[in-house]
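*Asks:* To start, I am sharing the structure in question, which I have written as structure tokens.
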Amino acid sequence: MSDPGAPPILSTRAFSLWYGSHQALFQVTLDIAARQVTAIIGPSGCGKSTLIRAFNRLNDLIPGVRTSGEVLFRGEEIYGRGVDPVDVRRHIGMVFQKPNPFPKSVFENVAFGLRINGFRGNLAERVERALQQAALWDEVKDDLHRKTGYDLSGGQQQRLCIARALAVAPEVLLMDEPCSALDPIASAKIEDLIRELARSVTVVIVTHNMQQAARVSNWTAFMLLGELVEFGPTREVFTRPTDGRTEAYITGRFG
Amino acid sequence: MSGRRTRGWAFACLAGAALGVSLVVLIILIAITALQAGPITSMRAVAGAGISLSLRSMDVPGTRDAVAFVTVAQVEAGSPAAGLGMSRGDALLTVGDTPVNRPSQAWDAVGAAPGGREVTLPVVWMPRPEITLGTLRAASVEGAPRVVLSAPSESAQAGGLRAGDVLLTAGGIPIAGTRQAWEALVVAARTQGTPIELALEREGEPVLVRWDPTARAELPFVRDPLRAWWTFLTTLNEPRYPERAGLLPAFVGSVYVVLVMAAVAFPLGVAGAVYLEEYAPSNFLTRTIEILVANLAGTPSAVVGIIGLEVFARALGAGRSILAGGLTLSVLILPMMIVATREALRAVPRTLREAALAVGATRWETVRHHVLPYALPGILTGTILSFSRALGEAAPLLLLGAFLFVTYVPQGLGDSFTVVPLQIFEWATRPQDGFATVAAAAIVILVALLLLLNAVAIVLRTRFQRRWSG
Amino acid sequence: MDVTPHAVVRVSCGRSRREGLATAGLTTTGLLAVVVTLAIIALFIEGSVPFFREVQLGDFVEGTRWAPLHEPASYGILPLVGATVVTTGIALAVAMPLGLLSAVFLSTYAPSSVRRILKPALELLAGVPTVVYGFFALRFVTPLLQGFIPALGFWNGLSAGLVMGVMIVPYVASLSEDVLYAVPRSLWEGSYALGATRFETVVRVVVPAALSGLGAAFILAMTRAVGETMIVALAAGRTPTWPPDPTQPLLTLTTAIVNIATGDHEATAFIWSAVFAIGLLLFLTTLVLNTVSYLVIRRFRERYA
């Protein structure tokens, strides 16, 4: 499935993270392959959201957060001195649990990232392409400026958030349980979209839903209590887990 | 079980009653104040007829008593009163059929007279001393004071007085001095009516003259509440006469001071709140700032006034100017602005910030493009509430030494000024008739303005809550 | 992607400068609060130095005669402190029970439709300027009370204190309601689940749990009353008396300041240093009270966060 020779786009090396005195991640080491979908699964509170938010330094905003170990993006340490988290987030986009469009028009939602990054090309064209990539264009093209992000349905809002993230052409797209607030039909649409996106972008998705992980991902990481228990090709993790705890989880004995 | 129920019920009633009582007392307060402002219509009607009244008194000779009467302190040129020949210094005796002892009785008489918006009432007055009597001379015979009519006026001659007459009593009131002679005529005319029985000594012989020196005429009054309130709001203040009191200087002063305050406190308050909420690291300094802001918010306004006086008026040399007043009020309001703005910022969902950051916005871009616009209704609500608080604040400006008597409209930031609450304070402390009415009228205008501002703020807040919570 | 990521990052130099500028500017504003407060304290200490050089601290603290304009002048603060204690005490005796009960009613009993009307109404009334309350005390409450207490002076501490209490009710109610609201729903529900009535829940569970927060509300109400100026300036009179009698004119700390500041004194006159001495006393009192209540409320919030 993946090319073993290609260097990983994103990797962690013995990465630990504390909220104050509480340690949330323990020595996590994993490599994320470029242009593939990697799913992170595990029960609530296992640190999967913390890990994904560590990839674009969104945890920086929480007071009292400390880290050790490394997170490498294209071989570069993103927690290194002199690295601007703003730059990191430009290259590593994110979609959140609950759709969080800005209270602005659909167009402005997508254009915002381009504007602040000083994009000087054809704004309309880029917005259109991002919306097309997010499979939303046909539904909103007539109301780009009239409808606000809040006027869309939940599934549309989430696809708008995906379009917003894609507009600045990130290399990695982090998705933190993107379907948890959506109905099954909207979820299915997003899943299709994720598979589509993986052709041009690296996707890391955190999910509660093991079936979803199995459906969309090439790689699966299983986490428990802040530790990375198992990581491998999705089919192997789901069919021949090497760790008893993984097996217990995917067979539904806890979680 | 039923005992528990009853106790709970009784408590609920008690708690509800406590709230009810508080609300009712506060509403009564405002209602009574509004009622006190009622006579302003008739006060303005009297002023509109052209006369301003003032209270005088006559010392009764041989006693320590004084009898009050009312004189015309001012007659406006070209007014109906001037047309009837009234002039400054005349004594007003009756309005309609009501004897007038105090200015308020004249206003009440006009107010109570039956009829519509316009009424014409008979007015009786005693022209000023030189018209009624002419020139008097104080003499003394064997130590006893005597008042001699040296040059009688036309009116006195028509009444049968001659040059050289010695005035003894008027209506039984002893005449003891040249000033008091006319006052005795006024009091006699008012208490006993006319003609007055005047006891004289002419060439050594006692003579009794019956004389009516008063003038009477029909004076038109216009009782128009709308016009009364409007002129009250839009005329300069005449500090001596409540019926000519005007709120304009204080109103303009308030507007100027609040504008200066807004220009200083709004940007600083929003910036301070953004810093504390979005930027400040969680450390000792931040905690100290928070405690200091909370403290500054609780500092008595009188203490803020001392700060204003010492720092702005004296050290920075702004004097007792609008600039110093606005700066003083911004010290008072800044902490309130910061607290209110922080609350609005805290209501912005974290997901909105994360969404902006995740597409690579810097912290400032996130704040500028998303957090501030989202929090704006909340910030504006807090701003309006803080500003309305500042608009009603008198103590700091009182200490700053804002002038209590300002009879002109301030033109610029360097001018001295007064504000509406201070003007209310000044009027409320004056014992003369009518100033309580004027103070109450100013209160009605101020409270109406503040309630309007507060209502706008509350509507803004509820609409904003509804909009974002959906 | 036809636009390489680096092409987009190129302009970030100006952006980071703007970011730095914003941070610096905002930090300055934050520090301004510190500077202002420190400046105030310094100002008061500096202003009152000449006063305490002239007046013995013992005479100031224990003196029972306040006569700064007499010859010889006397600067005993006790009449002013006594007057402030009397008016504040009366005000709190009115405001605390009424405010607290109103808060309990709003948070426990009032149906949400009633609450939606009454809360803004209380807030509106809290916005009425204090000079209006002063006018009310002077022109309405004093004449009314004179019907019951014939010896009551035209100026007196009683009606000023009562009206001040009424003025603070909305403030106490709003603060206490916030505190009661911050008590977690689980505590209320836990009590209801045991079969407690609403009254029992409020009195036995919620109020004890909120006690520290309510204490802080009490302290804040106290600072409001201590610092109130216009009501006492209008209705309580300007006569320093010892011992303070609520039916007679009183001179509170705040009106003493007003008295001197509105008098016609040279800016260099010694009497101004008395303003600073009283101001310092007031400021330190409210500083201590405010800080205590701030810390108490914060601990209270943290406990139930």
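In the structure tokens, each chain is lettered A, B, ... as it comes, each chain's residues begin at 1, and ligands are numbered from 1 in order of appearance.
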Compile the residues of chain B that lie within 6 Å of chain C, evaluated using only C-alpha atoms, and express the compilation as a list in words.

*Replies:*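 That gives Gly8, Ala15, Gly16, Ala18, Leu19, Ala271, Gly272, Tyr275, Ile289, Asn295, Pro300, Val303, Trp364, Gly392 and Leu399 of chain B for chain B.
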
*Asks:* Show me which bits of chain A are within 8 Å of chain B, counting only C-alpha atoms, as JSON, numbers by chain.

*Replies:* {"A": [56, 58, 63, 86, 87, 88, 89, 90, 91, 92, 93, 94, 95, 96, 100, 101, 102, 103, 113, 116, 117, 164, 165, 168]}

*Asks:* List every residue of stretch 27-236 of chain A that DSSP, applied to the backbone of this structure, assigns to strand (DSSP E), and report them as number ranges by chain.

*Replies:* A: 27-32, 37-41, 65-73, 76-77, 92-95, 172-176, 202-206, 219-224, 227-233

*Asks:* What gap, in Å, lies between atom CA of B:Thr383 and atom CA of B:Gly305?

*Replies:* 21.1 Å

*Asks:* Please measure the separation of atom CA of B:Leu413 and atom CA of B:Tyr256, giving the value in Å to one decimal.

*Replies:*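 Interatomic distance, atom CA of B:Leu413 to atom CA of B:Tyr256: 7.8 Å.
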
*Asks:* Quick one, how far is atom CA of C:Val86 from atom CA of C:Pro240?

*Replies:*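 Answer for the atom CA of C:Val86 to atom CA of C:Pro240 separation: 12.8 Å.
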
*Asks:* What residues in chain A lie within 7 Å of chain C, counting only C-alpha atoms, written as an NGL selection string?

*Replies:* :A and (117-119 or 169)

*Asks:* Env of B:Thr33: 8 Å cut, atoms = only C-alpha atoms, seq-sep filter 5 positions within chain, self excluded. Answer as a count of residues only.

*Replies:* 4

*Asks:* Between B:Gln432, B:Phe251, B:Met261, B:Ser150, which is the closest to B:Ile445 once you count only C-alpha atoms?

*Replies:*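 Counting only C-alpha atoms, the residue closest to B:Ile445 is B:Phe251.
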